[in-house]
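As stored in target14.tsv (TSV, C-alpha atoms):
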```
chain	number	residue	atom	x	y	z
A	1	MET	CA	-61.87	-34.53	13.77
A	2	GLN	CA	-60.63	-33.50	10.33
A	3	GLN	CA	-60.69	-29.80	9.43
A	4	PRO	CA	-63.49	-28.78	7.03
A	5	VAL	CA	-62.77	-28.74	3.31
A	6	GLY	CA	-64.61	-26.39	0.97
A	7	PHE	CA	-65.56	-27.50	-2.55
A	8	ILE	CA	-66.84	-25.15	-5.24
A	9	GLY	CA	-67.98	-26.55	-8.60
A	10	LEU	CA	-69.99	-29.77	-8.58
A	11	GLY	CA	-70.15	-30.67	-12.25
A	12	VAL	CA	-69.39	-33.93	-14.04
A	13	MET	CA	-65.93	-34.05	-12.46
A	14	GLY	CA	-66.40	-32.00	-9.31
A	15	LYS	CA	-69.34	-33.88	-7.84
A	16	PRO	CA	-67.68	-37.32	-7.66
A	17	MET	CA	-64.42	-35.73	-6.51
A	18	ALA	CA	-66.26	-33.97	-3.68
A	19	LYS	CA	-67.99	-37.23	-2.75
A	20	ASN	CA	-64.64	-38.97	-2.45
A	21	VAL	CA	-63.33	-36.26	-0.13
A	22	LEU	CA	-66.46	-36.63	2.00
A	23	GLU	CA	-66.12	-40.41	2.09
A	24	LYS	CA	-62.58	-40.04	3.47
A	25	GLY	CA	-64.05	-38.41	6.55
A	26	TYR	CA	-63.48	-34.72	5.80
A	27	PRO	CA	-66.32	-32.40	6.81
A	28	LEU	CA	-67.32	-30.84	3.49
A	29	VAL	CA	-68.75	-27.39	2.73
A	30	VAL	CA	-70.06	-27.12	-0.85
A	31	HIS	CA	-71.26	-24.47	-3.25
A	32	ASN	CA	-72.40	-24.68	-6.87
A	33	ARG	CA	-74.32	-22.53	-9.34
A	34	SER	CA	-77.11	-25.11	-9.70
A	35	ARG	CA	-78.76	-26.50	-6.58
A	36	GLY	CA	-79.28	-30.16	-7.54
A	37	ALA	CA	-75.69	-31.28	-6.99
A	38	VAL	CA	-75.54	-29.35	-3.71
A	39	ASP	CA	-78.65	-31.12	-2.43
A	40	GLU	CA	-77.15	-34.48	-3.40
A	41	LEU	CA	-73.96	-33.75	-1.45
A	42	VAL	CA	-75.91	-32.41	1.52
A	43	ALA	CA	-77.92	-35.65	1.58
A	44	ALA	CA	-74.60	-37.51	1.78
A	45	GLY	CA	-73.46	-35.41	4.76
A	46	ALA	CA	-72.01	-32.18	3.38
A	47	THR	CA	-73.00	-28.65	4.42
A	48	ALA	CA	-74.28	-26.11	1.88
A	49	ALA	CA	-72.69	-22.66	1.69
A	50	ALA	CA	-74.52	-19.56	0.51
A	51	SER	CA	-71.68	-18.29	-1.68
A	52	SER	CA	-68.02	-18.73	-2.55
A	53	ALA	CA	-67.15	-16.24	0.19
A	54	ASP	CA	-69.21	-18.29	2.64
A	55	VAL	CA	-67.13	-21.36	1.75
A	56	ALA	CA	-63.97	-19.37	2.58
A	57	ARG	CA	-65.42	-18.35	5.95
A	58	ARG	CA	-66.17	-21.97	6.87
A	59	ALA	CA	-63.07	-23.77	5.55
A	60	ARG	CA	-59.34	-23.08	5.31
A	61	THR	CA	-58.77	-25.62	2.54
A	62	ILE	CA	-60.85	-24.74	-0.51
A	63	ILE	CA	-61.04	-26.77	-3.73
A	64	THR	CA	-62.39	-25.34	-6.98
A	65	MET	CA	-63.32	-27.40	-10.05
A	66	LEU	CA	-64.68	-25.08	-12.74
A	67	PRO	CA	-64.96	-24.95	-16.54
A	68	ASP	CA	-62.55	-22.18	-17.59
A	69	SER	CA	-60.20	-19.37	-16.56
A	70	PRO	CA	-62.92	-16.65	-16.31
A	71	ASP	CA	-65.00	-18.92	-14.04
A	72	VAL	CA	-62.08	-19.46	-11.67
A	73	ASP	CA	-61.28	-15.73	-11.74
A	74	GLN	CA	-64.90	-14.89	-10.84
A	75	VAL	CA	-65.22	-17.48	-8.07
A	76	LEU	CA	-61.92	-16.54	-6.44
A	77	ALA	CA	-61.43	-12.83	-7.12
A	78	GLY	CA	-64.93	-11.62	-8.02
A	79	PRO	CA	-67.48	-9.91	-5.77
A	80	ASP	CA	-68.42	-12.23	-2.90
A	81	GLY	CA	-65.61	-14.54	-4.09
A	82	VAL	CA	-63.25	-16.67	-2.04
A	83	PHE	CA	-60.57	-13.99	-1.72
A	84	SER	CA	-63.08	-11.52	-0.25
A	85	ALA	CA	-63.40	-13.65	2.89
A	86	ILE	CA	-60.36	-15.93	2.89
A	87	GLN	CA	-58.73	-16.67	6.23
A	88	PRO	CA	-54.96	-16.18	6.66
A	89	GLY	CA	-53.18	-19.51	6.30
A	90	SER	CA	-55.80	-20.92	3.95
A	91	ILE	CA	-54.86	-23.07	0.96
A	92	VAL	CA	-56.83	-22.84	-2.29
A	93	ILE	CA	-56.53	-25.86	-4.60
A	94	ASP	CA	-57.77	-25.05	-8.07
A	95	MET	CA	-58.27	-28.33	-9.92
A	96	SER	CA	-59.75	-26.75	-13.05
A	97	SER	CA	-57.89	-26.69	-16.35
A	98	ILE	CA	-57.09	-23.01	-16.90
A	99	ALA	CA	-54.41	-20.83	-18.47
A	100	PRO	CA	-51.07	-21.09	-16.64
A	101	ALA	CA	-50.79	-17.29	-16.64
A	102	THR	CA	-54.15	-17.03	-14.86
A	103	ALA	CA	-53.04	-19.60	-12.27
A	104	ARG	CA	-49.87	-17.63	-11.54
A	105	ARG	CA	-51.74	-14.33	-11.27
A	106	LEU	CA	-54.35	-15.72	-8.88
A	107	ALA	CA	-51.61	-17.33	-6.76
A	108	ASP	CA	-50.03	-13.88	-6.42
A	109	VAL	CA	-53.38	-12.45	-5.28
A	110	ALA	CA	-53.77	-15.27	-2.74
A	111	ARG	CA	-50.35	-14.42	-1.26
A	112	THR	CA	-51.43	-10.81	-0.71
A	113	ARG	CA	-54.31	-12.20	1.38
A	114	GLY	CA	-52.00	-14.35	3.52
A	115	ALA	CA	-53.08	-17.54	1.74
A	116	ARG	CA	-51.47	-20.00	-0.68
A	117	MET	CA	-52.90	-21.27	-3.95
A	118	LEU	CA	-52.05	-24.47	-5.79
A	119	ASP	CA	-52.91	-25.25	-9.39
A	120	ALA	CA	-53.74	-28.95	-9.51
A	121	PRO	CA	-55.44	-29.94	-12.77
A	122	VAL	CA	-56.35	-33.57	-13.31
A	123	SER	CA	-56.40	-36.27	-15.96
A	124	GLY	CA	-58.54	-39.37	-15.98
A	125	GLY	CA	-61.98	-38.11	-16.92
A	126	GLU	CA	-65.27	-38.86	-15.23
A	127	ILE	CA	-64.31	-42.49	-14.59
A	128	GLY	CA	-61.15	-41.40	-12.80
A	129	ALA	CA	-63.12	-38.87	-10.77
A	130	ILE	CA	-65.65	-41.51	-9.72
A	131	ASN	CA	-63.00	-44.11	-8.88
A	132	ALA	CA	-60.64	-41.65	-7.14
A	133	SER	CA	-57.92	-42.70	-9.58
A	134	LEU	CA	-57.14	-39.32	-11.15
A	135	SER	CA	-53.67	-38.18	-12.07
A	136	ILE	CA	-53.12	-34.83	-10.35
A	137	MET	CA	-50.44	-32.39	-11.59
A	138	VAL	CA	-49.63	-29.83	-8.93
A	139	GLY	CA	-47.97	-26.44	-9.11
A	140	GLY	CA	-47.21	-24.28	-6.09
A	141	ASP	CA	-45.50	-24.09	-2.72
A	142	ALA	CA	-43.98	-27.44	-1.71
A	143	ASP	CA	-45.01	-27.11	1.95
A	144	ALA	CA	-48.60	-26.37	0.94
A	145	VAL	CA	-48.61	-29.41	-1.33
A	146	ALA	CA	-47.36	-31.60	1.52
A	147	GLU	CA	-50.07	-30.22	3.81
A	148	VAL	CA	-52.94	-31.09	1.47
A	149	THR	CA	-51.52	-34.32	0.01
A	150	PRO	CA	-53.94	-36.52	2.04
A	151	ILE	CA	-56.86	-34.60	0.50
A	152	LEU	CA	-55.42	-34.99	-2.99
A	153	HIS	CA	-54.99	-38.72	-2.33
A	154	ALA	CA	-58.72	-38.89	-1.55
A	155	MET	CA	-59.39	-37.92	-5.17
A	156	GLY	CA	-56.46	-39.36	-7.09
A	157	ASN	CA	-54.08	-42.27	-7.46
A	158	PRO	CA	-51.41	-41.61	-4.79
A	159	ASP	CA	-48.70	-42.70	-7.23
A	160	ARG	CA	-49.94	-40.11	-9.73
A	161	VAL	CA	-50.22	-37.08	-7.45
A	162	ILE	CA	-47.09	-35.24	-8.54
A	163	ARG	CA	-45.78	-31.79	-7.70
A	164	ILE	CA	-44.49	-30.44	-11.01
A	165	GLY	CA	-42.99	-27.17	-9.76
A	166	ASP	CA	-43.94	-23.63	-8.78
A	167	SER	CA	-47.25	-21.87	-9.45
A	168	GLY	CA	-48.47	-22.48	-12.99
A	169	ALA	CA	-46.38	-25.61	-13.47
A	170	GLY	CA	-49.37	-27.87	-12.90
A	171	GLN	CA	-51.26	-26.10	-15.66
A	172	ILE	CA	-48.27	-26.30	-18.01
A	173	CYS	CA	-48.23	-30.06	-17.38
A	174	LYS	CA	-51.96	-30.25	-18.16
A	175	VAL	CA	-51.37	-28.44	-21.46
A	176	CYS	CA	-48.70	-31.03	-22.28
A	177	ASN	CA	-51.13	-33.79	-21.31
A	178	GLN	CA	-53.84	-32.51	-23.65
A	179	MET	CA	-51.36	-32.12	-26.50
A	180	VAL	CA	-50.18	-35.72	-26.15
A	181	ILE	CA	-53.74	-37.04	-25.95
A	182	GLY	CA	-54.80	-35.03	-29.01
A	183	GLY	CA	-51.92	-36.19	-31.17
A	184	THR	CA	-52.50	-39.80	-30.18
A	185	LEU	CA	-56.25	-39.54	-30.69
A	186	ALA	CA	-55.78	-38.17	-34.20
A	187	ALA	CA	-53.21	-40.85	-35.08
A	188	VAL	CA	-55.49	-43.66	-33.85
A	189	SER	CA	-58.38	-42.19	-35.86
A	190	GLU	CA	-56.26	-42.03	-39.02
A	191	ALA	CA	-55.03	-45.59	-38.51
A	192	PHE	CA	-58.57	-46.91	-38.09
A	193	ALA	CA	-59.69	-45.03	-41.21
A	194	LEU	CA	-56.84	-46.56	-43.21
A	195	ALA	CA	-57.53	-50.09	-41.95
A	196	ARG	CA	-61.19	-49.88	-42.88
A	197	LYS	CA	-60.56	-48.38	-46.32
A	198	ALA	CA	-58.08	-51.20	-46.98
A	199	GLY	CA	-60.74	-53.75	-46.04
A	200	VAL	CA	-58.99	-54.88	-42.84
A	201	ASP	CA	-60.82	-55.74	-39.59
A	202	VAL	CA	-60.37	-52.64	-37.41
A	203	SER	CA	-60.96	-54.49	-34.14
A	204	ARG	CA	-58.15	-56.93	-34.94
A	205	VAL	CA	-55.85	-54.04	-35.82
A	206	ARG	CA	-56.62	-52.45	-32.45
A	207	ASN	CA	-55.97	-55.69	-30.56
A	208	ALA	CA	-52.64	-56.15	-32.34
A	209	LEU	CA	-51.56	-52.57	-31.65
A	210	LEU	CA	-52.44	-52.92	-27.97
A	211	GLY	CA	-49.79	-55.63	-27.72
A	212	GLY	CA	-46.92	-53.49	-29.01
A	213	PHE	CA	-45.26	-50.09	-28.71
A	214	ALA	CA	-48.35	-48.39	-30.14
A	215	ALA	CA	-50.33	-49.35	-27.04
A	216	SER	CA	-51.84	-46.45	-25.08
A	217	ARG	CA	-54.83	-45.56	-22.94
A	218	VAL	CA	-56.15	-43.57	-25.89
A	219	LEU	CA	-56.04	-46.66	-28.11
A	220	GLU	CA	-57.57	-48.79	-25.35
A	221	VAL	CA	-60.38	-46.52	-24.19
A	222	HIS	CA	-61.09	-44.20	-27.11
A	223	GLY	CA	-60.28	-46.85	-29.67
A	224	GLU	CA	-63.13	-48.85	-28.18
A	225	ARG	CA	-65.41	-45.81	-28.50
A	226	MET	CA	-64.52	-45.54	-32.17
A	227	LEU	CA	-65.33	-49.21	-32.77
A	228	THR	CA	-68.71	-49.01	-31.07
A	229	GLY	CA	-69.62	-45.45	-32.07
A	230	ASN	CA	-70.28	-44.64	-28.41
A	231	TYR	CA	-69.47	-40.97	-27.86
A	232	LYS	CA	-71.46	-40.47	-24.67
A	233	PRO	CA	-69.46	-37.74	-22.94
A	234	GLY	CA	-66.91	-38.55	-20.32
A	235	PHE	CA	-65.16	-35.30	-21.28
A	236	ARG	CA	-67.04	-33.01	-23.65
A	237	ALA	CA	-65.49	-31.91	-26.92
A	238	ARG	CA	-66.26	-28.25	-26.22
A	239	LEU	CA	-64.18	-28.41	-23.03
A	240	TYR	CA	-61.36	-30.09	-24.91
A	241	ALA	CA	-61.55	-27.27	-27.48
A	242	LYS	CA	-61.12	-24.86	-24.57
A	243	ASP	CA	-58.05	-26.78	-23.38
A	244	LEU	CA	-56.54	-26.67	-26.87
A	245	ARG	CA	-57.21	-22.92	-27.03
A	246	ILE	CA	-55.25	-22.57	-23.79
A	247	ALA	CA	-52.53	-24.76	-25.28
A	248	SER	CA	-52.34	-22.55	-28.36
A	249	GLN	CA	-52.07	-19.40	-26.26
A	250	THR	CA	-49.44	-20.93	-23.98
A	251	LEU	CA	-47.38	-22.21	-26.92
A	252	ALA	CA	-47.42	-18.72	-28.42
A	253	GLU	CA	-46.33	-17.14	-25.13
A	254	HIS	CA	-43.30	-19.43	-25.02
A	255	GLU	CA	-42.59	-19.38	-28.78
A	256	ALA	CA	-42.86	-23.18	-28.92
A	257	PRO	CA	-43.96	-24.51	-32.33
A	258	ALA	CA	-46.53	-27.33	-32.26
A	259	PRO	CA	-47.90	-28.01	-35.77
A	260	VAL	CA	-49.47	-31.34	-34.79
A	261	SER	CA	-51.39	-29.78	-31.90
A	262	ALA	CA	-52.50	-26.95	-34.19
A	263	ALA	CA	-53.99	-29.49	-36.62
A	264	VAL	CA	-55.74	-31.31	-33.76
A	265	HIS	CA	-57.17	-27.99	-32.56
A	266	GLN	CA	-58.67	-27.43	-36.01
A	267	LEU	CA	-60.21	-30.92	-36.04
A	268	VAL	CA	-61.82	-30.36	-32.64
A	269	THR	CA	-63.03	-26.93	-33.75
A	270	ALA	CA	-64.67	-28.59	-36.76
A	271	LEU	CA	-66.34	-31.12	-34.45
A	272	VAL	CA	-67.76	-28.38	-32.21
A	273	ALA	CA	-68.81	-26.28	-35.23
A	274	ALA	CA	-70.79	-29.29	-36.47
A	275	GLY	CA	-72.91	-29.13	-33.33
A	276	ARG	CA	-71.19	-32.01	-31.52
A	277	GLY	CA	-69.59	-30.08	-28.69
A	278	ASP	CA	-71.41	-32.15	-26.07
A	279	ASP	CA	-70.13	-35.45	-27.49
A	280	ASP	CA	-67.08	-37.03	-25.92
A	281	TYR	CA	-63.90	-35.57	-27.36
A	282	ALA	CA	-63.08	-38.99	-28.84
A	283	ALA	CA	-65.65	-38.02	-31.48
A	284	LEU	CA	-62.76	-36.13	-33.09
A	285	ALA	CA	-62.38	-39.43	-34.93
A	286	THR	CA	-65.64	-38.84	-36.78
A	287	VAL	CA	-64.20	-35.73	-38.45
A	288	LEU	CA	-61.33	-37.78	-39.88
A	289	PHE	CA	-63.66	-40.64	-40.84
A	290	GLU	CA	-65.85	-38.20	-42.76
A	291	LEU	CA	-62.78	-36.76	-44.52
A	292	ALA	CA	-62.00	-40.33	-45.59
A	293	HIS	CA	-65.58	-40.68	-46.91
A	294	LEU	CA	-66.39	-43.46	-44.48
A	295	SER	CA	-69.98	-43.94	-43.33
A	296	THR	CA	-70.66	-44.48	-39.64
A	297	ASP	CA	-70.81	-48.24	-40.08
A	298	ASP	CA	-67.71	-48.22	-42.30
A	299	ALA	CA	-65.76	-46.32	-39.65
A	300	ARG	CA	-66.79	-48.85	-37.01
A	301	GLY	CA	-65.66	-51.73	-39.16
A	302	VAL	CA	-69.18	-53.06	-39.68
A	303	SER	CA	-69.52	-55.15	-42.84
```

Take the structure in the file and write it out as structure tokens.
Amino acid sequence: MQQPVGFIGLGVMGKPMAKNVLEKGYPLVVHNRSRGAVDELVAAGATAAASSADVARRARTIITMLPDSPDVDQVLAGPDGVFSAIQPGSIVIDMSSIAPATARRLADVARTRGARMLDAPVSGGEIGAINASLSIMVGGDADAVAEVTPILHAMGNPDRVIRIGDSGAGQICKVCNQMVIGGTLAAVSEAFALARKAGVDVSRVRNALLGGFAASRVLEVHGERMLTGNYKPGFRARLYAKDLRIASQTLAEHEAPAPVSAAVHQLVTALVAAGRGDDDYAALATVLFELAHLSTDDARGVS
């Protein structure tokens, strides 16, 4: 019989991740602010916990998947939080995207409680969460990582579950990930705007680029979104804005200049300010299309 796993945070990403853990045969104890997702997991075989502390009483491996640093802080270190009831020897796996400094601080608190904490943010979006094909970037104690690797494999591509380094290193890697995606997303948007303004078929440009060194998952997946105008959220723009805010803060802490990422942050801020924070973050393209004075159909390459 597998040992119980606790899971706190059953949102767009957390719910399918928790389901995949359950489907791998781990007894699952779940908690979430809203009840609907809990009921869905309970119907699939999980057990509901009354609070974050209750999760810690029932399980010695506890996964959190939450929106932002203050949420993780509250769930772990707040009143009736995980740390208030954590068992010695427990491992907390925070899979949220939060500030590296927060991850390091909370790992220090976990150690004072006789527990270990890993920061293990993910990339792959809702589709990756559903298909258990996420890339998982892990920071923390190597022995703890080895101990929970089978659980991480239940949620991610085993070839892409990588220990980056000590506490906080996983979150640094996630910042790097979001910077690379943002720069590529902006470049693809600019290229599509140029092609359309020059009267060239954007879909053919995309197909040609996918066959060369310009090929990327951003061009493949988000390029398709730009062509069809489908910005149904897989990852909401407001959450990407949060990630870029963390990137900006982390860059400043390390005195690392990043002018391209700064420009991308401003574009995403403009998107959210326009009331489109719940669109997929690929809708960043629409800001650049509007700057180029392209209509929606123009931007999609519709004649």

Nearest to Gln87 in chain A by atom-to-atom distance, counting all atoms listed in the file, from A:Asn20, A:Asn131, A:Thr102, A:Thr61
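With all atoms listed in the file as the atom set, the closest residue is A:Thr61.
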
request  = Excluding range 190-206 of chain A and any residue of its chain fewer than 5 positions from it, enumerate the residues within 12 Å of it, using only C-alpha atoms, and give them as a ChimeraX atom specification.
outcome  = /A:183-185,211-212,214-228,264,284-303

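Interatomic distance, CA of Ala132 in chain A against CA of Ala77 in chain A: 28.8 Å.
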
Item to complete: Name all residues at most 8 Å from Leu10 in chain A (count all atoms listed in the file; drop same-chain ones fewer than 5 positions away) and give them as an MDAnalysis selection string.
Response: chainID A and resid 15:16 18 31:32 37:38 65

Counting only C-alpha atoms, which residue out of A:Val161, A:Leu210, A:Met95, A:Ala263 sits closest to Val188 in chain A?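 With only C-alpha atoms as the atom set, the closest residue is A:Leu210.
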
Review point. From the list A:Val82, A:Ala283, A:Leu76, A:Val175, which residue is nearest Ser123 in chain A when using all atoms listed in the file?
Key: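 Answer, going by the shortest atom-to-atom distance: A:Val175.
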
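Our summary of the geometry notes that CA of Asp280 in chain A is positioned 26.7 Å from CA of Ala169 in chain A.
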
Which polymer residues have any atom within 9 Å of an atom of Leu22 in chain A, counting all atoms listed in the file, with same-chain residues fewer than 2 positions away left out, as a PyMOL selection string?
chain A and resi 5+17-20+24-28+41+44-46+154

Subject >> Among listed residues A:Gly6, A:Pro259, A:Gly81, A:Gly277, nearest Lys242 in chain A (using only C-alpha atoms) >> reply: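 That would be A:Gly277, the residue with the smallest distance to Lys242 in chain A.
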
### Test item: residues at most 8 Å from Cys173 in chain A, all atoms listed in the file, excluding those fewer than 4 positions along its chain, as a PyMOL selection string
chain A and resi 137+164+169+177

For this session: For CA of Val55 in chain A and CA of Val29 in chain A, quote the distance in Å rounded to one decimal.
Result: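 Separation of CA of Val55 in chain A and CA of Val29 in chain A: 6.3 Å.
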
Notebook entry, point to check: Contacts of Pro67 in chain A at 12 Å or less, counting all atoms listed in the file, minus same-chain residues fewer than 4 places along, as a list in words?
Noted result: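 Listing them by chain and then by number gives Ile8, Gly9, Leu10, Gly11, Val12, Met13, Gly14, Asp71, Val72, Asp73, Gln74, Val75, Asp94, Met95, Ser96, Ser97, Ile98, Ala99, Pro121, Phe235, Arg236, Arg238, Leu239, Tyr240, Ala241, Lys242 and Asp243 of chain A.
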
inquiry  = Taking all atoms listed in the file into account, name the residue in A:Thr269, A:Ser167, A:Ser189, A:Asn157 that is nearest to Val145 in chain A.
reply    =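 Ranked by minimum distance to Val145 in chain A, first place goes to A:Ser167.
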
**Study point:** Nearest-residue call for Val180 in chain A, choices A:Gly156, A:Leu244, A:Ile127, A:Ser135, using only C-alpha atoms
**Key:**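 Of all the options, A:Leu244 lies closest to Val180 in chain A.
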